file target-v7.txt (compact mmCIF, C-alpha atoms and all ligand atoms)
# COMPACT_ATOMS: atom_id res chain seq x y z
CA MET A 1 -52.55 -22.77 12.58
CA VAL A 2 -51.57 -23.07 8.93
CA PRO A 3 -49.66 -20.11 7.48
CA PRO A 4 -50.72 -18.84 4.05
CA ASP A 5 -48.83 -20.41 1.12
CA ASP A 6 -46.96 -17.28 0.09
CA ALA A 7 -45.46 -16.90 3.59
CA ILE A 8 -43.66 -20.24 3.21
CA GLU A 9 -42.10 -19.20 -0.07
CA LEU A 10 -40.65 -16.08 1.54
CA LYS A 11 -38.51 -18.07 3.93
CA PRO A 12 -34.77 -18.16 3.18
CA GLU A 13 -33.73 -21.05 1.01
CA LYS A 14 -31.29 -22.58 3.42
CA LEU A 15 -34.01 -23.29 5.97
CA GLU A 16 -35.69 -25.56 3.44
CA GLU A 17 -32.43 -27.34 2.70
CA GLU A 18 -31.93 -28.02 6.36
CA LYS A 19 -35.39 -29.50 6.59
CA GLU A 20 -34.85 -31.81 3.64
CA GLY A 21 -31.21 -32.78 3.87
CA GLY A 22 -30.96 -34.12 7.39
CA PRO A 23 -27.95 -33.04 9.46
CA SER A 24 -25.97 -30.30 7.85
CA PHE A 25 -22.56 -28.85 8.54
CA PRO A 26 -22.36 -25.18 7.56
CA CYS A 27 -19.11 -23.34 6.98
CA ASP A 28 -19.21 -20.23 9.09
CA PHE A 29 -16.21 -18.39 7.74
CA TYR A 30 -16.77 -14.70 7.10
CA ASP A 31 -15.16 -11.67 5.53
CA ALA A 32 -12.61 -10.70 8.18
CA ASN A 33 -12.09 -7.13 6.93
CA MET A 34 -15.80 -6.38 6.87
CA ALA A 35 -16.34 -7.80 10.36
CA TYR A 36 -13.42 -5.73 11.63
CA LYS A 37 -14.76 -2.58 10.01
CA ILE A 38 -18.21 -3.12 11.53
CA GLY A 39 -16.70 -3.96 14.94
CA MET A 40 -14.80 -0.68 14.88
CA ALA A 41 -18.04 1.30 14.54
CA PHE A 42 -19.45 -0.01 17.85
CA LEU A 43 -17.35 1.96 20.33
CA PRO A 44 -18.05 5.43 18.88
CA GLY A 45 -21.75 4.46 18.70
CA LEU A 46 -21.81 3.28 22.30
CA ALA A 47 -19.90 6.34 23.51
CA SER A 48 -22.32 8.69 21.69
CA ALA A 49 -25.31 6.92 23.24
CA CYS A 50 -23.80 7.13 26.76
CA ILE A 51 -22.94 10.82 26.38
CA ASP A 52 -26.30 11.84 24.90
CA ASN A 53 -28.12 9.78 27.51
CA THR A 54 -26.51 11.56 30.44
CA THR A 55 -25.82 15.06 29.15
CA GLY A 56 -27.09 17.76 31.51
CA GLY A 57 -28.05 15.09 34.02
CA LEU A 58 -26.98 15.42 37.61
CA PHE A 59 -26.99 11.86 38.85
CA SER A 60 -25.51 9.64 36.20
CA THR A 61 -22.27 9.77 34.23
CA PRO A 62 -21.62 8.23 30.83
CA ALA A 63 -19.38 5.61 32.45
CA SER A 64 -22.09 4.62 34.95
CA VAL A 65 -24.60 3.83 32.21
CA ALA A 66 -22.14 2.22 29.79
CA VAL A 67 -22.62 -1.40 30.85
CA GLY A 68 -26.41 -1.21 30.62
CA ILE A 69 -26.40 0.68 27.32
CA ARG A 70 -23.90 -1.74 25.77
CA LYS A 71 -26.22 -4.65 26.60
CA GLU A 72 -29.19 -2.81 25.13
CA MET A 73 -27.20 -1.90 22.06
CA VAL A 74 -26.13 -5.47 21.28
CA GLY A 75 -29.73 -6.67 21.75
CA TYR A 76 -31.02 -3.89 19.51
CA LEU A 77 -28.49 -4.56 16.73
CA ILE A 78 -29.17 -8.29 16.67
CA GLN A 79 -32.90 -7.68 16.64
CA GLU A 80 -32.58 -5.21 13.76
CA SER A 81 -30.31 -7.52 11.78
CA GLU A 82 -32.85 -10.35 12.09
CA ASN A 83 -35.65 -8.09 10.96
CA PHE A 84 -33.51 -6.90 8.09
CA VAL A 85 -33.20 -10.40 6.63
CA ALA A 86 -36.97 -10.73 6.63
CA GLU A 87 -37.40 -7.40 4.86
CA SER A 88 -34.66 -8.17 2.37
CA VAL A 89 -36.24 -11.43 1.35
CA VAL A 90 -39.45 -9.59 0.65
CA LEU A 91 -37.61 -6.96 -1.36
CA GLU A 92 -35.27 -9.39 -3.05
CA ASP A 93 -36.29 -8.82 -6.66
CA GLY A 94 -34.17 -6.10 -8.18
CA ALA A 95 -32.99 -4.72 -4.85
CA ASP A 96 -29.37 -3.59 -4.84
CA VAL A 97 -27.04 -5.28 -2.43
CA GLN A 98 -26.28 -2.67 0.19
CA ASP A 99 -22.90 -2.54 1.89
CA PRO A 100 -23.31 -4.37 5.24
CA TYR A 101 -21.24 -1.69 6.94
CA ASP A 102 -23.72 0.98 5.85
CA ILE A 103 -26.67 -1.11 6.96
CA ILE A 104 -25.23 -1.73 10.43
CA SER A 105 -24.06 1.88 10.78
CA ASP A 106 -27.68 2.89 10.24
CA PHE A 107 -28.76 0.49 13.02
CA VAL A 108 -26.14 2.01 15.31
CA ASP A 109 -27.30 5.55 14.47
CA ASP A 110 -30.91 4.61 15.14
CA PHE A 111 -29.94 3.15 18.50
CA VAL A 112 -27.91 6.25 19.42
CA SER A 113 -30.83 8.57 18.63
CA SER A 114 -33.16 6.40 20.70
CA LYS A 115 -30.98 6.98 23.78
CA ARG A 116 -30.95 10.80 23.66
CA ASN A 117 -32.34 12.51 26.74
CA PHE A 118 -34.21 15.82 26.83
CA PHE A 119 -31.09 17.96 27.28
CA SER A 120 -29.23 16.52 24.33
CA GLY A 121 -31.89 17.97 22.03
CA VAL A 122 -31.37 21.59 23.05
CA TYR A 123 -28.80 24.34 22.43
CA GLY A 124 -27.36 22.69 19.32
CA TRP A 125 -25.73 20.04 21.50
CA LEU A 126 -25.78 17.38 18.79
CA LEU A 127 -23.70 19.49 16.43
CA SER A 128 -21.37 20.91 19.04
CA GLU A 129 -17.64 20.36 19.10
CA ARG A 130 -17.86 19.75 22.82
CA ARG A 131 -20.01 16.69 22.16
CA GLU A 132 -17.49 15.37 19.60
CA ASP A 133 -14.65 15.86 22.07
CA ARG A 134 -16.48 14.08 24.87
CA ILE A 135 -17.30 11.17 22.58
CA ASP A 136 -13.65 10.89 21.49
CA ASP A 137 -12.50 10.97 25.10
CA LEU A 138 -14.95 8.29 26.14
CA VAL A 139 -13.96 6.04 23.22
CA GLN A 140 -10.35 6.39 24.30
CA GLU A 141 -11.19 5.62 27.91
CA MET A 142 -13.11 2.51 26.85
CA GLU A 143 -10.17 1.33 24.75
CA ILE A 144 -7.66 1.91 27.54
CA ASN A 145 -9.82 0.02 30.02
CA SER A 146 -10.57 -2.80 27.55
CA PHE A 147 -14.21 -2.07 28.22
CA TRP A 148 -15.42 -3.84 25.09
CA LEU A 149 -12.67 -5.97 23.59
CA LEU A 150 -12.22 -5.94 19.85
CA ASN A 151 -12.59 -9.70 19.46
CA ARG A 152 -15.96 -9.56 21.29
CA ARG A 153 -17.09 -6.71 19.08
CA ILE A 154 -15.98 -8.66 16.02
CA SER A 155 -17.97 -11.68 17.10
CA VAL A 156 -21.10 -9.48 17.43
CA ALA A 157 -20.29 -8.04 14.00
CA GLN A 158 -20.00 -11.56 12.65
CA THR A 159 -23.48 -12.44 13.93
CA LEU A 160 -24.94 -9.29 12.38
CA LEU A 161 -23.13 -9.97 9.11
CA LYS A 162 -24.49 -13.50 9.00
CA ASN A 163 -28.02 -12.15 9.58
CA ILE A 164 -28.04 -9.41 6.99
CA ASP A 165 -25.87 -10.93 4.26
CA PHE A 166 -28.43 -13.37 2.96
CA LYS A 167 -26.74 -13.46 -0.46
CA ASN A 168 -23.59 -14.75 1.21
CA ILE A 169 -21.26 -12.18 -0.22
CA TYR A 170 -19.50 -11.57 3.09
CA TYR A 171 -20.35 -14.81 4.82
CA CYS A 172 -19.75 -18.35 3.58
CA SER A 173 -22.45 -20.49 5.24
CA THR A 174 -22.18 -23.22 2.60
CA ASN A 175 -23.78 -26.41 3.92
CA PHE A 176 -22.16 -29.83 3.86
CA LYS A 177 -23.60 -33.24 4.52
CA SER A 178 -20.64 -34.55 6.48
CA ILE A 179 -18.00 -33.09 8.72
CA ASP A 180 -15.33 -34.47 6.35
CA ASP A 181 -16.76 -32.51 3.45
CA LEU A 182 -16.84 -29.40 5.61
CA GLU A 183 -13.20 -29.83 6.65
CA LYS A 184 -12.13 -30.33 3.02
CA HIS A 185 -13.97 -27.15 2.07
CA LYS A 186 -12.49 -25.12 4.92
CA SER A 187 -8.96 -25.62 3.69
CA HIS A 188 -9.78 -23.72 0.51
CA CYS A 189 -12.80 -21.60 1.49
CA GLY A 190 -12.38 -18.04 0.21
CA PHE A 191 -13.20 -16.71 3.68
CA ARG A 192 -10.64 -18.81 5.58
CA THR A 193 -8.33 -16.63 7.59
CA LEU A 194 -4.78 -16.21 6.38
CA ALA A 195 -1.95 -14.43 8.12
CA CYS A 196 0.33 -12.16 6.15
CA THR A 197 3.64 -13.85 5.46
CA ASN A 198 5.66 -10.66 5.11
CA GLU A 199 8.18 -10.45 7.93
CA GLY A 200 7.09 -7.98 10.60
CA CYS A 201 3.43 -7.84 9.51
CA SER A 202 0.83 -9.13 11.95
CA SER A 203 -2.22 -8.63 9.69
CA SER A 204 -4.67 -11.41 9.01
CA PHE A 205 -7.45 -11.37 6.47
CA SER A 206 -9.77 -13.60 4.47
CA ALA A 207 -8.11 -15.51 1.66
CA ILE A 208 -10.03 -13.51 -0.97
CA GLN A 209 -8.42 -10.34 0.40
CA MET A 210 -4.89 -11.63 -0.01
CA ASP A 211 -4.19 -9.56 -3.13
CA SER A 212 -5.65 -6.35 -1.78
CA HIS A 213 -3.61 -6.68 1.41
CA ASP A 214 -0.52 -7.50 -0.57
CA SER A 215 -0.94 -4.28 -2.53
CA ILE A 216 -0.85 -2.17 0.64
CA CYS A 217 1.11 -4.27 3.16
CA PRO A 218 3.65 -1.90 4.75
CA PHE A 219 6.07 -4.80 5.25
CA LYS A 220 6.16 -6.07 1.68
CA ILE A 221 9.63 -6.04 0.17
CA LEU A 222 9.74 -4.17 -3.12
CA PRO A 223 12.33 -3.06 -5.66
CA CYS A 224 13.25 0.62 -5.30
CA GLU A 225 10.71 2.91 -6.99
CA GLN A 226 13.58 4.97 -8.40
CA ASN A 227 15.16 1.87 -9.88
CA CYS A 228 18.33 1.69 -7.88
CA SER A 229 19.41 -1.88 -7.20
CA GLY A 230 18.03 -1.81 -3.65
CA ILE A 231 15.05 -3.74 -2.28
CA ILE A 232 13.15 -1.90 0.41
CA ILE A 233 10.08 -2.62 2.55
CA ARG A 234 7.12 -0.54 1.46
CA ARG A 235 6.90 1.61 4.57
CA GLU A 236 10.57 2.62 4.19
CA MET A 237 10.29 3.41 0.50
CA ASP A 238 9.56 7.13 0.70
CA ARG A 239 12.35 7.73 3.16
CA HIS A 240 14.79 5.67 1.10
CA CYS A 241 13.93 7.56 -2.06
CA ILE A 242 14.50 11.00 -0.58
CA THR A 243 17.61 10.12 1.42
CA ILE A 244 20.05 7.34 0.67
CA CYS A 245 18.77 6.10 -2.70
CA PRO A 246 21.67 6.40 -5.17
CA MET A 247 19.12 7.37 -7.83
CA LYS A 248 17.81 10.33 -5.86
CA LEU A 249 17.94 13.42 -8.07
CA VAL A 250 20.20 16.19 -6.84
CA LYS A 251 21.39 19.51 -8.16
CA CYS A 252 24.87 19.62 -9.66
CA PRO A 253 27.41 20.76 -7.00
CA PHE A 254 28.18 23.63 -9.38
CA TYR A 255 24.57 24.78 -9.40
CA SER A 256 25.45 27.99 -7.51
CA VAL A 257 27.78 29.12 -10.29
CA GLY A 258 25.45 28.24 -13.15
CA CYS A 259 25.26 24.51 -13.96
CA GLN A 260 21.52 23.79 -14.03
CA SER A 261 21.83 20.00 -14.27
CA THR A 262 19.75 17.73 -12.03
CA ILE A 263 21.30 14.28 -11.80
CA PRO A 264 20.99 11.01 -9.83
CA GLN A 265 23.34 11.37 -6.86
CA CYS A 266 25.28 8.25 -7.84
CA THR A 267 26.32 9.92 -11.12
CA ILE A 268 27.76 13.08 -9.60
CA ASP A 269 31.37 11.98 -10.10
CA GLN A 270 30.70 11.05 -13.68
CA HIS A 271 28.91 14.36 -14.27
CA ARG A 272 31.82 16.27 -12.70
CA THR A 273 34.33 14.53 -14.94
CA GLU A 274 32.31 14.85 -18.12
CA ASN A 275 31.43 18.50 -17.53
CA LEU A 276 34.70 19.73 -16.06
CA ALA A 277 35.33 22.17 -18.90
CA SER A 278 31.94 23.84 -18.61
CA HIS A 279 32.19 23.94 -14.80
CA LEU A 280 35.59 25.67 -15.22
CA ILE A 281 34.01 28.24 -17.49
CA TYR A 282 31.24 28.90 -14.95
CA ILE A 283 33.80 29.58 -12.25
CA LEU A 284 36.06 31.66 -14.48
CA LYS A 285 33.00 33.72 -15.33
CA VAL A 286 32.56 34.51 -11.68
CA LEU A 287 36.27 35.32 -11.29
CA HIS A 288 36.46 37.42 -14.47
CA LYS A 289 33.13 39.00 -14.98
CA GLU A 290 34.46 41.30 -17.67
CA ALA A 291 35.88 38.57 -19.88
CA SER A 292 34.19 37.22 -22.98
CA THR A 293 33.33 33.57 -23.41
CA GLU A 294 36.09 33.32 -26.02
CA GLU A 295 38.62 34.64 -23.57
CA LEU A 296 37.40 32.28 -20.89
CA THR A 297 37.63 29.34 -23.27
CA GLU A 298 41.22 30.35 -23.96
CA ARG A 299 41.83 30.56 -20.25
CA VAL A 300 40.59 27.02 -19.78
CA LYS A 301 43.16 25.92 -22.39
CA GLU A 302 45.90 27.73 -20.50
CA LEU A 303 44.87 26.06 -17.27
CA GLU A 304 44.86 22.74 -19.08
CA LYS A 305 48.42 23.32 -20.28
CA LEU A 306 49.63 24.05 -16.80
CA SER A 307 47.83 21.18 -15.14
CA SER A 308 46.06 18.35 -16.81
CA LEU A 309 42.33 18.66 -16.32
CA GLY A 310 42.51 15.37 -14.44
CA GLN A 311 44.14 17.27 -11.59
CA LEU A 312 41.13 19.55 -11.36
CA ALA A 313 38.58 16.75 -11.58
CA PRO A 314 38.66 15.80 -7.87
CA ALA A 315 37.34 19.26 -6.90
CA ARG A 316 33.95 18.35 -5.47
CA ASP A 317 32.21 21.68 -5.59
CA ALA A 318 32.43 25.28 -6.75
CA LYS A 319 34.38 26.37 -3.70
CA SER A 320 37.17 23.80 -3.97
CA LEU A 321 37.43 24.19 -7.74
CA THR A 322 37.66 27.96 -7.30
CA ILE A 323 40.61 27.51 -4.91
CA LEU A 324 42.41 25.21 -7.37
CA ILE A 325 41.81 27.62 -10.24
CA LYS A 326 43.10 30.57 -8.24
CA ASP A 327 46.27 28.67 -7.41
CA LEU A 328 46.86 27.91 -11.07
CA GLU A 329 45.99 31.43 -12.17
CA ALA A 330 48.53 32.83 -9.74
CA LYS A 331 51.14 30.98 -11.82
CA ILE A 332 49.73 31.99 -15.22
CA GLY A 333 49.28 35.65 -14.35
CA PRO A 334 46.28 37.93 -14.82
CA LEU A 335 43.77 37.27 -17.55
CA LYS A 336 44.20 39.67 -20.47
CA VAL A 337 40.86 41.18 -21.28
CA VAL A 338 40.11 43.29 -24.33
CA THR A 339 39.57 46.79 -23.03
CA ASN A 340 39.16 50.39 -24.14
CA VAL A 341 38.07 49.44 -27.60
CA LYS A 342 34.84 50.81 -28.84
CA PRO A 343 33.65 47.97 -31.05
CA SER A 344 32.10 48.72 -34.39
CA ALA A 345 28.78 47.26 -35.40
CA GLU A 346 30.71 44.67 -37.39
CA ALA A 347 32.74 43.58 -34.37
CA ALA A 348 29.60 43.38 -32.31
CA ASP A 349 28.09 41.18 -34.95
CA VAL A 350 31.08 38.86 -34.91
CA ILE A 351 30.95 38.60 -31.12
CA GLU A 352 27.27 37.89 -31.20
CA LYS A 353 27.79 35.04 -33.66
CA LYS A 354 30.53 33.56 -31.52
CA GLU A 355 28.26 33.79 -28.54
CA GLU A 356 25.61 31.82 -30.36
CA ARG A 357 28.06 29.05 -31.08
CA THR A 358 29.28 28.62 -27.54
CA ALA A 359 25.78 28.31 -26.16
CA LEU A 360 26.42 28.89 -22.48
CA PRO A 361 23.55 30.13 -20.33
CA THR A 362 25.06 33.45 -19.22
CA LYS A 363 26.36 34.78 -22.45
CA HIS A 364 24.61 38.07 -23.01
CA VAL A 365 26.88 40.78 -24.27
CA ARG A 366 26.09 44.40 -24.75
CA PHE A 367 28.01 47.59 -25.18
CA GLU A 368 27.32 50.69 -23.26
CA GLU A 369 28.89 54.05 -22.92
CA PRO A 370 29.40 54.90 -20.17
CA PRO A 371 28.64 51.87 -17.97
CA SER A 372 25.71 52.26 -15.64
CA LYS A 373 26.10 52.20 -11.87
CA GLU A 374 24.56 48.77 -11.74
CA GLU A 375 27.24 47.41 -14.02
CA GLU A 376 29.98 49.07 -12.06
CA ASN A 377 28.77 47.17 -9.05
CA ILE A 378 28.74 43.89 -10.92
CA ASN A 379 32.25 44.52 -12.15
CA SER A 380 33.70 45.67 -8.87
CA PRO A 381 36.69 43.51 -7.88
CA SER A 382 35.32 42.63 -4.48
CA LYS A 383 35.44 38.83 -4.44
CA GLY A 384 39.22 38.53 -4.00
CA SER A 385 39.74 37.54 -7.60
CA HIS A 386 42.89 38.27 -9.51
CA HIS A 387 41.31 40.27 -12.26
CA GLU A 388 42.49 43.80 -12.85
CA ASP A 389 40.48 46.82 -12.04
CA SER A 390 41.80 48.70 -15.06
CA CYS A 391 39.13 47.52 -17.41
CA HIS A 392 36.50 50.03 -16.36
CA GLY A 393 35.82 52.94 -18.58
CA LYS A 394 34.42 54.13 -21.82
CA GLY A 395 33.51 51.61 -24.45
CA GLU A 396 34.43 48.63 -22.35
CA LEU A 397 33.14 45.18 -23.00
CA VAL A 398 30.64 44.17 -20.38
CA ILE A 399 29.48 40.63 -19.69
CA ASP A 400 26.04 41.19 -18.39
CA ARG A 401 25.12 38.31 -16.13
CA ILE A 402 21.87 39.81 -14.99
CA SER A 403 20.06 41.32 -17.92
CA CYS A 404 17.74 39.28 -20.02
CA GLY A 405 18.92 38.03 -23.41
CA ASN A 406 16.18 39.88 -25.25
CA ARG A 407 17.85 43.16 -24.48
CA THR A 408 21.03 42.22 -26.31
CA GLY A 409 19.75 42.84 -29.83
CA PRO A 410 18.00 46.17 -29.35
CA SER A 411 20.72 47.56 -27.08
CA LEU A 412 23.37 46.74 -29.68
CA ALA A 413 21.34 48.34 -32.42
CA ASN A 414 20.63 51.46 -30.41
CA LYS A 415 24.05 52.11 -29.00
CA SER A 416 26.34 51.29 -31.86
ZN ZN B 501 -16.62 -21.65 3.51
ZN ZN B 502 1.12 -7.69 5.58
ZN ZN B 503 16.65 3.37 -4.41
ZN ZN B 504 27.16 20.38 -13.51

call {"tool": "encode", "arguments": {"input": "target-v7.txt", "output": "structure tokens"}}
result
Amino acid sequence: MVPPDDAIELKPEKLEEEKEGGPSFPCDFYDANMAYKIGMAFLPGLASACIDNTTGGLFSTPASVAVGIRKEMVGYLIQESENFVAESVVLEDGADVQDPYDIISDFVDDFVSSKRNFFSGVYGWLLSERREDRIDDLVQEMEINSFWLLNRRISVAQTLLKNIDFKNIYYCSTNFKSIDDLEKHKSHCGFRTLACTNEGCSSSFSAIQMDSHDSICPFKILPCEQNCSGIIIRREMDRHCITICPMKLVKCPFYSVGCQSTIPQCTIDQHRTENLASHLIYILKVLHKEASTEELTERVKELEKLSSLGQLAPARDAKSLTILIKDLEAKIGPLKVVTNVKPSAEAADVIEKKEERTALPTKHVRFEEPPSKEEENINSPSKGSHHEDSCHGKGELVIDRISCGNRTGPSLANKS
């Protein structure tokens, strides 16, 4: 029987080559990642088929039908993949190349639906969570019992891939006339398997996937993302960056008293030294809430006279610096604060201008008569500081650490 002419033309090209070229030696390397991905879809498919095939049944369990259904499934998938090549050749012109994983997933889905029994179609079984759970459990059981080993699944996947990938995107299948030529080719075929060379990594992949693996390999050694001098393996990077990395950003140890700086942790000492004067002011502000910035600046000078600032520099945080300051202040004596003077509008203006120059965050000054309860609380000498209680009363100068700066202007204008 002679087939019609057009049928011969529809045959895949490589069959003709084989006919003409005598013995041929095809490379059978394949895309390792794709075969792995396809192989991983088989167990959930098989488990679904076994569950749906036996649900509601009294005599058989999913495990009892698994061997038979697996055999049927492999036969079905190979059959479908062979048919697919034939269809694809017919549709070749202009047809998009479909992802082989999607194609084979469709085969698996078709097989699973063909195995459903009567009961699996009722009571919303197919969409139920109970079904999902049973499938997950069965997949796990199959894995634990090595029911269908991964390398066997991958070799089925490889066969399917070879059948459906007739454009040889995921499968090499280049033909050679001699075994020598084939061997030469294999040593640089894009689909030859390479093992990752990063210490600790057991991944292998096709040569063409080298770069994409390299970009995600958890064992690759990289320079620190925060630019410290360290080199860290990728999977340790996040932990390094939020723990021991010297470049990790931390709050200034004097944050609680007002320094808002965020600095790499390796520069804390430098920051402490360079900003000692402003850290002193922050602490003095806490100790002498009633004092003006000018007075506090003076106080810093007094402290400096008594002890060089270098002696205060080792204080690591607000607490230890506070203790040092208190010791020194015990020697200097109480801070003299301007009290009982009702400032004129002019004086207020002068103070406001000074405040602008010193540019510290908590610098809002206002005058009130008499002080509100809230301010009395703020000014109460409760924190064991040395400052005198005598400064409360009419017309006193209040450093308002709580109110918003916007209130300063209007409250000055209204009250004075
Ligand atoms: Zn090859
Ligand atoms: Zn790796
Ligand atoms: Zn680092
Ligand atoms: Zn600071």

call {"tool": "residues_near_ligand", "arguments": {"input": "target-v7.txt", "ligand": "ligand ZN 504 (chain B)", "cutoff": "12 Å", "atoms": "only C-alpha atoms and all ligand atoms", "output": "ChimeraX atom specification"}}
result
/A:250-265,267-283,316-318

call {"tool": "closest_atom_pairs", "arguments": {"input": "target-v7.txt", "of": "chain A", "to": "ligand ZN 501 (chain B)", "cutoff": "12 Å", "atoms": "all atoms listed in the file", "output": "CSV"}}
result
residue,atom,partner,partner_atom,distance
A:Phe25,CA,B:ZN501,ZN,10.6
A:Pro26,CA,B:ZN501,ZN,7.9
A:Cys27,CA,B:ZN501,ZN,4.6
A:Asp28,CA,B:ZN501,ZN,6.3
A:Phe29,CA,B:ZN501,ZN,5.4
A:Tyr30,CA,B:ZN501,ZN,7.8
A:Asp31,CA,B:ZN501,ZN,10.3
A:Asn168,CA,B:ZN501,ZN,10.1
A:Ile169,CA,B:ZN501,ZN,11.2
A:Tyr170,CA,B:ZN501,ZN,10.5
A:Tyr171,CA,B:ZN501,ZN,7.9
A:Cys172,CA,B:ZN501,ZN,4.5
A:Ser173,CA,B:ZN501,ZN,6.2
A:Thr174,CA,B:ZN501,ZN,5.8
A:Asn175,CA,B:ZN501,ZN,8.6
A:Phe176,CA,B:ZN501,ZN,9.9
A:Asp181,CA,B:ZN501,ZN,10.9
A:Leu182,CA,B:ZN501,ZN,8.0
A:Glu183,CA,B:ZN501,ZN,9.4
A:Lys184,CA,B:ZN501,ZN,9.8
A:His185,CA,B:ZN501,ZN,6.3
A:Lys186,CA,B:ZN501,ZN,5.6
A:Ser187,CA,B:ZN501,ZN,8.6
A:His188,CA,B:ZN501,ZN,7.8
A:Cys189,CA,B:ZN501,ZN,4.3
A:Gly190,CA,B:ZN501,ZN,6.5
A:Phe191,CA,B:ZN501,ZN,6.0
A:Arg192,CA,B:ZN501,ZN,6.9
A:Thr193,CA,B:ZN501,ZN,10.5
A:Ser206,CA,B:ZN501,ZN,10.6
A:Ala207,CA,B:ZN501,ZN,10.7
A:Ile208,CA,B:ZN501,ZN,11.4

call {"tool": "closest_residue", "arguments": {"input": "target-v7.txt", "among": "A:Ser203, A:Ser215, A:Asn145, A:Gln209", "to": "ligand ZN 502 (chain B)", "atoms": "only C-alpha atoms and all ligand atoms"}}
result
A:Ser203

call {"tool": "residues_near_ligand", "arguments": {"input": "target-v7.txt", "ligand": "ligand ZN 503 (chain B)", "cutoff": "6 Å", "atoms": "only C-alpha atoms and all ligand atoms", "output": "short mmCIF file (atom, residue, chain, number, x, y, z; two decimals) with C-alpha atoms, in the frame of the given file"}}
result
data_model
loop_
_atom_site.label_atom_id
_atom_site.label_comp_id
_atom_site.auth_asym_id
_atom_site.auth_seq_id
_atom_site.Cartn_x
_atom_site.Cartn_y
_atom_site.Cartn_z
CA CYS A 224 13.25 0.62 -5.30
CA GLN A 226 13.58 4.97 -8.40
CA ASN A 227 15.16 1.87 -9.88
CA CYS A 228 18.33 1.69 -7.88
CA GLY A 230 18.03 -1.81 -3.65
CA CYS A 241 13.93 7.56 -2.06
CA CYS A 245 18.77 6.10 -2.70
CA PRO A 246 21.67 6.40 -5.17
CA MET A 247 19.12 7.37 -7.83
#

call {"tool": "closest_residue", "arguments": {"input": "target-v7.txt", "among": "A:Ile144, A:Ile69, A:Leu150, A:Cys201", "to": "ligand ZN 502 (chain B)", "atoms": "all atoms listed in the file"}}
result
A:Cys201

call {"tool": "residues_near_ligand", "arguments": {"input": "target-v7.txt", "ligand": "ligand ZN 502 (chain B)", "cutoff": "10 Å", "atoms": "all atoms listed in the file", "output": "mmCIF file with C-alpha atoms, keeping the file's coordinate frame"}}
result
data_model
loop_
_atom_site.group_PDB
_atom_site.id
_atom_site.type_symbol
_atom_site.label_atom_id
_atom_site.label_comp_id
_atom_site.auth_asym_id
_atom_site.auth_seq_id
_atom_site.Cartn_x
_atom_site.Cartn_y
_atom_site.Cartn_z
ATOM 1 C CA ALA A 195 -1.950 -14.430 8.120
ATOM 2 C CA CYS A 196 0.330 -12.160 6.150
ATOM 3 C CA THR A 197 3.640 -13.850 5.460
ATOM 4 C CA ASN A 198 5.660 -10.660 5.110
ATOM 5 C CA GLU A 199 8.180 -10.450 7.930
ATOM 6 C CA GLY A 200 7.090 -7.980 10.600
ATOM 7 C CA CYS A 201 3.430 -7.840 9.510
ATOM 8 C CA SER A 202 0.830 -9.130 11.950
ATOM 9 C CA SER A 203 -2.220 -8.630 9.690
ATOM 10 C CA SER A 204 -4.670 -11.410 9.010
ATOM 11 C CA PHE A 205 -7.450 -11.370 6.470
ATOM 12 C CA MET A 210 -4.890 -11.630 -0.010
ATOM 13 C CA HIS A 213 -3.610 -6.680 1.410
ATOM 14 C CA ASP A 214 -0.520 -7.500 -0.570
ATOM 15 C CA SER A 215 -0.940 -4.280 -2.530
ATOM 16 C CA ILE A 216 -0.850 -2.170 0.640
ATOM 17 C CA CYS A 217 1.110 -4.270 3.160
ATOM 18 C CA PRO A 218 3.650 -1.900 4.750
ATOM 19 C CA PHE A 219 6.070 -4.800 5.250
ATOM 20 C CA LYS A 220 6.160 -6.070 1.680
#

call {"tool": "atom_distance", "arguments": {"input": "target-v7.txt", "atom1": "CA of Glu141 in chain A", "atom2": "CA of Pro100 in chain A"}}
result
27.6 Å

call {"tool": "residues_around", "arguments": {"input": "target-v7.txt", "residues": "Thr61 in chain A", "least_positions_apart": "6", "cutoff": "9 Å", "atoms": "only C-alpha atoms", "output": "list in words"}}
result
Cys50, Ile51, Asn53, Thr54 and Thr55 of chain A

call {"tool": "atom_distance", "arguments": {"input": "target-v7.txt", "atom1": "CA of His240 in chain A", "atom2": "CA of Lys319 in chain A"}}
result
28.9 Å

call {"tool": "atom_distance", "arguments": {"input": "target-v7.txt", "atom1": "CA of Ile221 in chain A", "atom2": "CA of Arg235 in chain A"}}
result
9.2 Å

call {"tool": "closest_residue", "arguments": {"input": "target-v7.txt", "among": "A:Arg153, A:Lys37, A:Arg134, A:Arg239", "to": "Arg70 in chain A", "atoms": "all atoms listed in the file"}}
result
A:Arg153

call {"tool": "decode", "arguments": {"input": "target-v7.txt", "residues": "range 117-130 of chain A", "atoms": "C-alpha atoms", "output": "compact mmCIF listing (two decimals), in the first residue's frame"}}
result
# COMPACT_ATOMS: atom_id res chain seq x y z
CA ASN A 117 -15.30 6.83 39.66
CA PHE A 118 -18.98 7.62 40.12
CA PHE A 119 -18.61 8.87 43.70
CA SER A 120 -15.86 11.34 42.96
CA GLY A 121 -18.30 13.29 40.79
CA VAL A 122 -20.82 13.99 43.55
CA TYR A 123 -21.08 16.29 46.59
CA GLY A 124 -18.43 18.71 45.35
CA TRP A 125 -15.75 16.13 46.08
CA LEU A 126 -13.37 17.42 43.42
CA LEU A 127 -13.21 20.86 44.98
CA SER A 128 -13.17 19.72 48.58
CA GLU A 129 -10.34 20.36 50.98
CA ARG A 130 -10.62 16.78 52.17
